[in-house]
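Asks: One structure coming up, written as structure tokens, with questions to follow.
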Amino acid sequence: KKYMEVLILGGTGAMGIHLIECLVAKGIFVTVTSRKDRDSAEYVTYVKGNAHDVNFLTTLLERKRWDVIVDFMVYSTEEFRDRVELLLKSTKQYIFLSSARVYADSKEAIMEDSSRLLDVSPDKKFLQTDEYPLSKAREENILFESAYKNWTIIRPYITFSEIRLQLGVFEKEDWLYRALHGRTIVFSNDIGEKYTTLTYAFDVVNAMVQLMGNDKAHGEVFHITSDKVYTWNEILAVYLDVLEEKLSYRPKLLMLEKSITFKFGHPQYSVLYDRYYNRVFDNQKIKRFIETDAFYDVKTGIRNCLQNFLVHPVFRGISWYLEALNDRVSGCRTPLHEIPSFYHKIGYLLVYAFPGYYKYIVKISRYGKLLFK
């Protein structure tokens with residue numbers, strides 16, 4: 001009996017971890033690329049290497065013709081164009097992780113053929129960039145125009161898990177870290193009042209598994225999201241309730257009228273062209289393959305995932321420059337001994353003193369770190 005063999009590129013994030021779990025439970029052999037050494041297991045083989053490296057990727061793909069390749073990598077448009085044929089010819093089915101951020105604003109529930117920002121945005125300056133929703137849409141176009149039709153495009157929206165808990169555009173490192181260190185959470189009403197759709201990462205990848213090896217999914221686009229919508233303020237309230245139970249006090253909260261980078265003159269496209277939209281999705285297409293109404297209840301799921309994280313809280317890199325902005329507006333101070341590197345200490349102090357120059361200080365600090373490392 002021949003077993004399905006799946007290659008996952010960049011599969012060590014929140015969704016990738018759950019995808020491996022789903023596939024192994026079905027007895028499917030999985031190979032995963034990782035830039036770090038990881039221990040392999042009975043059904044899982046980790047291959048150390050950077051999937052952005054074409055030579056590494058070529059060597060990996062030449063080993064065999066994979067049944068499925070799932071691609072979590074984030075490419076520039078040109079980087080993707082240079083490798084797309086290699087990827088498509090190396091597998092029976094190529095699953096490309098795009099994003100529901102490609103969609104433009106919509107008054108109706110979003111469907112897979114709803115307008116994309118790339119096609120309808122009037123912002124010429126934005127369109128000249130390779131920002132995430134634009135690069136993903138351009139890469140989708142490359143697949144649409146390809147001679148190969150063995151691809152499936154997935155457009156997940158905001159996912160949560162035991163290691164990923166977002167608040168607006170902020171990752172847990174940007175808001176939860178502050179709460180656990182006794183500093184004020186900074187959020188804003190302009191985003192807090194908007195409706196959003198969050199989906200448990202396991203539910204998204206479980207739906208993806210239903211599409212694997214299915215010819216009806218070839219040449220098709222699917223978004224995979226929860227059916228229920230909530231405002232970000234409702235999500236924030238769930239977070240605060242859990243933290244109050246854990247800490248025995250409710251974390252301090254400062255609600256700005258506008259997102260903090262707007263306050264200091266540096267608007268983010270991720271706010272302007274996503275979090276400022278009410279995101280509601282029509283899931284009829286993916287419902288041909290899985291029942292989305294059986295997905296994890298969002299509020300229950302977020303509560304349980306945060307409780308799980310708080311047992312052993314582990315944070316990735318903290319943006320000390322954003323910490324400085326948050327501290328400046330909330331009247332807090334981060335102790336310098338908490339900031340690990342000399343350059344980040346200096347950057348923090350400069351941003352705290354001159355918040356209007358935030359963007360430039362970050363650039364200068366990064367350049368200095370590269371120059372004097």
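Chain lettering (A, B, ...) mirrors the order of the structure tokens, residue numbering begins at 1 for each chain separately, and ligand numbering begins at 1 in order of display.
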Would you write out, as CSV, a table of all residues in stretch 184-223 of chain A that have an atom no more than 12 Å from an atom of stretch 90-109 of chain A, listing for each the closest atom pair and the distance in Å to one decimal, considering only C-alpha atoms and ordering rows by chain and rising residue number?

Replies:
residue,atom,partner,partner_atom,distance
A:Tyr195,CA,A:Ala109,CA,11.9
A:Thr196,CA,A:Ala100,CA,11.7
A:Thr197,CA,A:Ala100,CA,10.5
A:Leu198,CA,A:Ala100,CA,11.5
A:Val204,CA,A:Leu97,CA,11.2
A:Val205,CA,A:Leu97,CA,10.8
A:Met208,CA,A:Ile95,CA,8.7
A:Val209,CA,A:Ile95,CA,10.3
A:Leu211,CA,A:Ile95,CA,9.2
A:Met212,CA,A:Gln93,CA,7.5
A:Gly213,CA,A:Gln93,CA,7.0
A:Asn214,CA,A:Gln93,CA,8.8
A:Asp215,CA,A:Gln93,CA,8.7
A:Lys216,CA,A:Gln93,CA,11.2
A:Ala217,CA,A:Gln93,CA,9.1
A:His218,CA,A:Gln93,CA,7.3
A:Gly219,CA,A:Gln93,CA,9.7
A:Glu220,CA,A:Ile95,CA,10.1
A:Val221,CA,A:Ser98,CA,9.4
A:Phe222,CA,A:Ala100,CA,9.5
A:His223,CA,A:Ala100,CA,6.7

Asks: Excluding A:Val329 and any residue of its chain fewer than 2 positions from it, enumerate the residues within 10 Å of it, using only C-alpha atoms, and give them as a list of chain:residue names.

Replies: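 Using only C-alpha atoms, the neighbours found are A:Thr184, A:Val186, A:Leu254, A:Leu256, A:Ile260, A:Lys263, A:Ala324, A:Leu325, A:Asn326, A:Asp327, A:Gly331, A:Cys332, A:Tyr352, A:Pro355.
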
Asks: Generate the output file for the selected residues, all heavy atoms, as a compact mmCIF listing (two decimals), in the first residue's frame.

Replies:
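Just written: selection14.txt:
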# COMPACT_ATOMS: atom_id res chain seq x y z
N THR A 184 0.59 48.86 30.83
CA THR A 184 -0.73 49.10 30.26
C THR A 184 -0.83 48.57 28.83
O THR A 184 0.06 48.81 28.00
CB THR A 184 -1.01 50.62 30.25
OG1 THR A 184 -0.93 51.11 31.59
CG2 THR A 184 -2.39 50.92 29.67
N VAL A 186 -2.17 48.93 25.25
CA VAL A 186 -2.60 50.07 24.43
C VAL A 186 -3.34 49.55 23.20
O VAL A 186 -2.81 48.76 22.42
CB VAL A 186 -1.40 50.93 24.00
CG1 VAL A 186 -1.88 52.10 23.14
CG2 VAL A 186 -0.63 51.43 25.22
N LEU A 254 -5.42 51.29 27.96
CA LEU A 254 -5.56 52.63 27.41
C LEU A 254 -6.14 52.51 26.01
O LEU A 254 -5.52 51.90 25.13
CB LEU A 254 -4.20 53.34 27.35
CG LEU A 254 -4.18 54.70 26.64
CD1 LEU A 254 -5.07 55.71 27.36
CD2 LEU A 254 -2.76 55.22 26.50
N LEU A 256 -6.96 54.38 22.75
CA LEU A 256 -6.76 55.57 21.93
C LEU A 256 -7.90 55.67 20.92
O LEU A 256 -8.58 54.68 20.65
CB LEU A 256 -5.43 55.48 21.18
CG LEU A 256 -4.17 55.27 22.03
CD1 LEU A 256 -2.96 55.07 21.11
CD2 LEU A 256 -3.96 56.43 22.97
N ILE A 260 -2.01 53.44 17.22
CA ILE A 260 -0.87 54.17 17.76
C ILE A 260 0.10 54.68 16.69
O ILE A 260 0.64 55.78 16.82
CB ILE A 260 -0.13 53.32 18.81
CG1 ILE A 260 0.88 54.18 19.57
CG2 ILE A 260 0.54 52.10 18.17
CD1 ILE A 260 1.36 53.55 20.85
N LYS A 263 -1.21 57.83 15.29
CA LYS A 263 -1.04 58.93 16.24
C LYS A 263 0.30 59.63 16.03
O LYS A 263 0.42 60.84 16.19
CB LYS A 263 -1.12 58.38 17.67
CG LYS A 263 -0.96 59.44 18.76
CD LYS A 263 -1.13 58.83 20.14
CE LYS A 263 -0.88 59.85 21.24
NZ LYS A 263 -1.85 60.95 21.22
N ALA A 324 8.32 51.22 23.23
CA ALA A 324 8.59 52.62 23.57
C ALA A 324 7.39 53.52 23.25
O ALA A 324 7.03 54.41 24.04
CB ALA A 324 9.83 53.10 22.82
N LEU A 325 6.77 53.30 22.08
CA LEU A 325 5.57 54.07 21.72
C LEU A 325 4.46 53.84 22.74
O LEU A 325 3.81 54.78 23.21
CB LEU A 325 5.08 53.68 20.33
CG LEU A 325 5.87 54.12 19.11
CD1 LEU A 325 5.10 53.76 17.85
CD2 LEU A 325 6.16 55.62 19.13
N ASN A 326 4.23 52.56 23.07
CA ASN A 326 3.17 52.23 24.03
C ASN A 326 3.47 52.83 25.40
O ASN A 326 2.57 53.34 26.08
CB ASN A 326 3.02 50.72 24.14
CG ASN A 326 2.35 50.10 22.93
OD1 ASN A 326 1.55 50.76 22.26
ND2 ASN A 326 2.67 48.86 22.62
N ASP A 327 4.74 52.75 25.81
CA ASP A 327 5.11 53.33 27.10
C ASP A 327 4.92 54.85 27.09
O ASP A 327 4.46 55.44 28.08
CB ASP A 327 6.58 53.01 27.41
CG ASP A 327 6.76 51.58 27.91
OD1 ASP A 327 5.76 50.89 28.15
OD2 ASP A 327 7.93 51.15 28.07
N GLY A 331 2.36 56.29 29.80
CA GLY A 331 3.05 56.72 31.02
C GLY A 331 3.82 55.62 31.72
O GLY A 331 4.20 55.77 32.89
N CYS A 332 4.08 54.52 31.01
CA CYS A 332 4.87 53.43 31.58
C CYS A 332 6.33 53.56 31.18
O CYS A 332 6.68 54.36 30.31
CB CYS A 332 4.34 52.08 31.08
SG CYS A 332 2.62 51.73 31.51
N TYR A 352 11.27 56.57 22.59
CA TYR A 352 10.54 57.13 23.73
C TYR A 352 10.67 58.66 23.75
O TYR A 352 9.70 59.38 24.01
CB TYR A 352 11.07 56.54 25.03
CG TYR A 352 10.21 56.85 26.24
CD1 TYR A 352 9.23 55.96 26.64
CD2 TYR A 352 10.37 58.03 26.95
CE1 TYR A 352 8.42 56.23 27.73
CE2 TYR A 352 9.57 58.32 28.05
CZ TYR A 352 8.59 57.42 28.43
OH TYR A 352 7.78 57.70 29.51
N PRO A 355 9.09 60.13 19.59
CA PRO A 355 8.16 59.17 18.97
C PRO A 355 7.77 59.51 17.53
O PRO A 355 7.47 58.63 16.74
CB PRO A 355 6.95 59.17 19.90
CG PRO A 355 7.03 60.48 20.62
CD PRO A 355 8.48 60.77 20.78

Asks: Check stretch 238-314 of chain A with DSSP on the backbone and list each residue it calls strand (DSSP E or B), as JSON, numbers by chain.

Replies: {"A": [253, 254, 255, 256, 281]}

Asks: Extract, using only C-alpha atoms, all DNA, RNA and protein residues at most 12 Å from A:Glu338, discarding same-chain residues fewer than 6 positions from it, and format them as a VMD selection string.

Replies: chain A and resid 177 to 178 181 318 320 323 344 to 345 348

Asks: Determine which residues of stretch 210-350 of chain A DSSP labels as helix (DSSP H, G or I) from the backbone of this structure, then write them out as a ChimeraX atom specification.

Replies: /A:210-211,215-217,232-247,260-263,269-275,286-288,292-294,298-311,320-330,336-338,342-350

Asks: Skip stretch 11-27 of chain A itself and residues of its chain fewer than 6 positions away, then list as a ChimeraX atom specification all residues within 7 Å of it, counting only C-alpha atoms.

Replies: /A:33-34,43,72,161,163-164,201-202,205-206

Asks: Include N, CA and C atoms and write out the residues we just selected as a compact mmCIF listing (two decimals), in the first residue's frame.

Replies:
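Listed below is the output, part.txt:
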# COMPACT_ATOMS: atom_id res chain seq x y z
N THR A 33 10.29 21.51 6.28
CA THR A 33 11.52 22.31 6.28
C THR A 33 11.55 23.20 7.52
N SER A 34 12.74 23.36 8.07
CA SER A 34 12.92 24.21 9.24
C SER A 34 14.34 24.77 9.22
N TYR A 43 6.36 9.56 11.86
CA TYR A 43 5.75 9.97 10.59
C TYR A 43 6.25 11.35 10.12
N PHE A 72 3.81 27.40 3.12
CA PHE A 72 3.53 28.47 4.07
C PHE A 72 4.50 29.64 3.92
N SER A 161 -4.36 30.35 18.06
CA SER A 161 -3.94 29.03 18.53
C SER A 161 -3.33 29.18 19.91
N ILE A 163 -0.34 29.29 20.55
CA ILE A 163 0.86 30.12 20.52
C ILE A 163 0.65 31.43 19.75
N ARG A 164 -0.57 31.64 19.22
CA ARG A 164 -0.81 32.89 18.50
C ARG A 164 -2.13 33.50 18.95
N ALA A 201 -6.69 27.70 14.39
CA ALA A 201 -5.75 27.21 13.38
C ALA A 201 -6.00 25.75 13.03
N PHE A 202 -6.35 24.93 14.01
CA PHE A 202 -6.61 23.52 13.75
C PHE A 202 -7.77 23.34 12.78
N VAL A 205 -6.58 24.09 9.13
CA VAL A 205 -5.76 23.04 8.51
C VAL A 205 -6.53 21.75 8.34
N ASN A 206 -7.49 21.49 9.23
CA ASN A 206 -8.32 20.30 9.06
C ASN A 206 -9.14 20.40 7.78

Asks: Report as a ChimeraX atom specification all protein, DNA and RNA residues lying within 12 Å of stretch 74-89 of chain A, evaluated on only C-alpha atoms, omitting residues in the same chain fewer than 4 positions from it.

Replies: /A:7-11,50-62,64-70,93-99,129-152,218-219

Asks: Report as a list in words all protein, DNA and RNA residues lying within 9 Å of A:Arg250, evaluated on only C-alpha atoms, omitting residues in the same chain fewer than 5 positions from it.

Replies: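 The residues that qualify are Leu240, Asp241, Leu243, Glu244 and Glu245 of chain A.
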
Asks: Those residues with all heavy atoms, as a PDB file, in the first residue's frame please?

Replies:
ATOM      1  N   LEU A 240      -9.137  40.048  28.551  1.00  0.00           N
ATOM      2  CA  LEU A 240      -9.034  40.710  29.855  1.00  0.00           C
ATOM      3  C   LEU A 240      -9.662  39.864  30.963  1.00  0.00           C
ATOM      4  O   LEU A 240      -9.138  39.812  32.088  1.00  0.00           O
ATOM      5  CB  LEU A 240      -9.683  42.088  29.800  1.00  0.00           C
ATOM      6  CG  LEU A 240      -8.973  43.129  28.931  1.00  0.00           C
ATOM      7  CD1 LEU A 240      -9.786  44.424  28.869  1.00  0.00           C
ATOM      8  CD2 LEU A 240      -7.568  43.412  29.453  1.00  0.00           C
ATOM      9  N   ASP A 241     -10.764  39.189  30.650  1.00  0.00           N
ATOM     10  CA  ASP A 241     -11.410  38.331  31.655  1.00  0.00           C
ATOM     11  C   ASP A 241     -10.472  37.198  32.072  1.00  0.00           C
ATOM     12  O   ASP A 241     -10.344  36.886  33.266  1.00  0.00           O
ATOM     13  CB  ASP A 241     -12.709  37.742  31.094  1.00  0.00           C
ATOM     14  CG  ASP A 241     -13.821  38.773  30.989  1.00  0.00           C
ATOM     15  OD1 ASP A 241     -13.693  39.852  31.610  1.00  0.00           O
ATOM     16  OD2 ASP A 241     -14.816  38.507  30.277  1.00  0.00           O
ATOM     17  N   LEU A 243      -7.164  37.123  31.812  1.00  0.00           N
ATOM     18  CA  LEU A 243      -6.019  37.675  32.526  1.00  0.00           C
ATOM     19  C   LEU A 243      -6.380  38.069  33.953  1.00  0.00           C
ATOM     20  O   LEU A 243      -5.583  37.899  34.885  1.00  0.00           O
ATOM     21  CB  LEU A 243      -5.468  38.879  31.769  1.00  0.00           C
ATOM     22  CG  LEU A 243      -4.723  38.538  30.468  1.00  0.00           C
ATOM     23  CD1 LEU A 243      -4.450  39.808  29.667  1.00  0.00           C
ATOM     24  CD2 LEU A 243      -3.421  37.800  30.761  1.00  0.00           C
ATOM     25  N   GLU A 244      -7.587  38.576  34.133  1.00  0.00           N
ATOM     26  CA  GLU A 244      -8.029  38.935  35.484  1.00  0.00           C
ATOM     27  C   GLU A 244      -8.103  37.697  36.372  1.00  0.00           C
ATOM     28  O   GLU A 244      -7.702  37.714  37.542  1.00  0.00           O
ATOM     29  CB  GLU A 244      -9.376  39.645  35.434  1.00  0.00           C
ATOM     30  CG  GLU A 244      -9.836  40.167  36.783  1.00  0.00           C
ATOM     31  CD  GLU A 244     -11.089  41.021  36.681  1.00  0.00           C
ATOM     32  OE1 GLU A 244     -11.726  41.045  35.604  1.00  0.00           O
ATOM     33  OE2 GLU A 244     -11.427  41.665  37.693  1.00  0.00           O
ATOM     34  N   GLU A 245      -8.593  36.602  35.819  1.00  0.00           N
ATOM     35  CA  GLU A 245      -8.646  35.343  36.574  1.00  0.00           C
ATOM     36  C   GLU A 245      -7.244  34.865  36.937  1.00  0.00           C
ATOM     37  O   GLU A 245      -7.006  34.363  38.044  1.00  0.00           O
ATOM     38  CB  GLU A 245      -9.355  34.272  35.743  1.00  0.00           C
ATOM     39  CG  GLU A 245     -10.832  34.542  35.512  1.00  0.00           C
ATOM     40  CD  GLU A 245     -11.431  33.631  34.446  1.00  0.00           C
ATOM     41  OE1 GLU A 245     -10.728  32.673  34.029  1.00  0.00           O
ATOM     42  OE2 GLU A 245     -12.572  33.873  34.009  1.00  0.00           O
TER      43      GLU A 245
END

Asks: Select, from A:Cys305, A:Ser226, A:Ala179, A:Gln166, the residue with the minimum atom-to-atom distance to A:Tyr249, counting only C-alpha atoms.

Replies: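 Smallest distance to A:Tyr249 is found for A:Ala179.
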
Asks: For the atom pair atom CA of A:Arg63 and atom CA of A:Val47, what is the interatomic distance in Å to one decimal place?

Replies: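 Value for the atom CA of A:Arg63-atom CA of A:Val47 distance: 12.3 Å.
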
Asks: I'd like the contact shell of stretch 283-298 of chain A - 7 Å cut-off, only C-alpha atoms, skipping same-chain residues fewer than 4 positions apart - returned as a PDB file with N, CA, C and O atoms, in the first residue's frame.

Replies:
ATOM      1  N   LEU A 198     -12.252  35.452  13.355  1.00  0.00           N
ATOM      2  CA  LEU A 198     -11.104  34.678  13.815  1.00  0.00           C
ATOM      3  C   LEU A 198     -11.440  33.196  13.738  1.00  0.00           C
ATOM      4  O   LEU A 198     -12.594  32.802  13.946  1.00  0.00           O
ATOM      5  N   THR A 199     -10.441  32.385  13.454  1.00  0.00           N
ATOM      6  CA  THR A 199     -10.650  30.959  13.259  1.00  0.00           C
ATOM      7  C   THR A 199      -9.530  30.188  13.932  1.00  0.00           C
ATOM      8  O   THR A 199      -8.359  30.575  13.831  1.00  0.00           O
ATOM      9  N   TYR A 200      -9.888  29.122  14.625  1.00  0.00           N
ATOM     10  CA  TYR A 200      -8.882  28.279  15.277  1.00  0.00           C
ATOM     11  C   TYR A 200      -8.001  27.633  14.209  1.00  0.00           C
ATOM     12  O   TYR A 200      -8.502  27.080  13.222  1.00  0.00           O
ATOM     13  N   ASP A 203      -8.824  24.155  12.920  1.00  0.00           N
ATOM     14  CA  ASP A 203      -9.976  24.044  12.023  1.00  0.00           C
ATOM     15  C   ASP A 203      -9.594  24.396  10.585  1.00  0.00           C
ATOM     16  O   ASP A 203     -10.054  23.764   9.634  1.00  0.00           O
ATOM     17  N   ALA A 207      -9.615  21.597   7.476  1.00  0.00           N
ATOM     18  CA  ALA A 207     -10.324  21.807   6.208  1.00  0.00           C
ATOM     19  C   ALA A 207      -9.367  21.636   5.027  1.00  0.00           C
ATOM     20  O   ALA A 207      -9.729  21.065   3.993  1.00  0.00           O
ATOM     21  N   GLN A 210      -8.941  18.108   4.003  1.00  0.00           N
ATOM     22  CA  GLN A 210     -10.050  17.570   3.214  1.00  0.00           C
ATOM     23  C   GLN A 210      -9.873  17.865   1.722  1.00  0.00           C
ATOM     24  O   GLN A 210     -10.446  17.175   0.869  1.00  0.00           O
ATOM     25  N   PHE A 222     -10.101  28.870  -2.125  1.00  0.00           N
ATOM     26  CA  PHE A 222     -10.999  28.715  -0.978  1.00  0.00           C
ATOM     27  C   PHE A 222     -10.545  29.630   0.154  1.00  0.00           C
ATOM     28  O   PHE A 222      -9.357  29.678   0.470  1.00  0.00           O
ATOM     29  N   ILE A 224     -11.101  29.904   4.238  1.00  0.00           N
ATOM     30  CA  ILE A 224     -11.523  28.993   5.305  1.00  0.00           C
ATOM     31  C   ILE A 224     -11.594  29.801   6.587  1.00  0.00           C
ATOM     32  O   ILE A 224     -10.572  30.164   7.173  1.00  0.00           O
ATOM     33  N   SER A 226     -14.189  31.001  10.228  1.00  0.00           N
ATOM     34  CA  SER A 226     -15.337  30.766  11.100  1.00  0.00           C
ATOM     35  C   SER A 226     -16.579  31.462  10.532  1.00  0.00           C
ATOM     36  O   SER A 226     -16.468  32.421   9.765  1.00  0.00           O
ATOM     37  N   ASP A 227     -17.740  30.983  10.918  1.00  0.00           N
ATOM     38  CA  ASP A 227     -18.990  31.604  10.468  1.00  0.00           C
ATOM     39  C   ASP A 227     -19.376  32.823  11.308  1.00  0.00           C
ATOM     40  O   ASP A 227     -20.159  33.663  10.861  1.00  0.00           O
ATOM     41  N   ILE A 302     -10.583  31.073  22.150  1.00  0.00           N
ATOM     42  CA  ILE A 302      -9.605  32.081  22.559  1.00  0.00           C
ATOM     43  C   ILE A 302      -9.348  31.999  24.058  1.00  0.00           C
ATOM     44  O   ILE A 302      -8.204  32.086  24.519  1.00  0.00           O
TER      45      ILE A 302
END

Asks: If you measure from atom CA of A:Glu257 to atom CA of A:Arg275, what distance in Å do you get, rounded to one decimal?

Replies: 14.2 Å

Asks: What is the atom CA of A:Leu272-atom CA of A:Ser259 distance in Å, reported with one decimal?

Replies: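 Straight-line distance from atom CA of A:Leu272 to atom CA of A:Ser259 works out to 10.1 Å.
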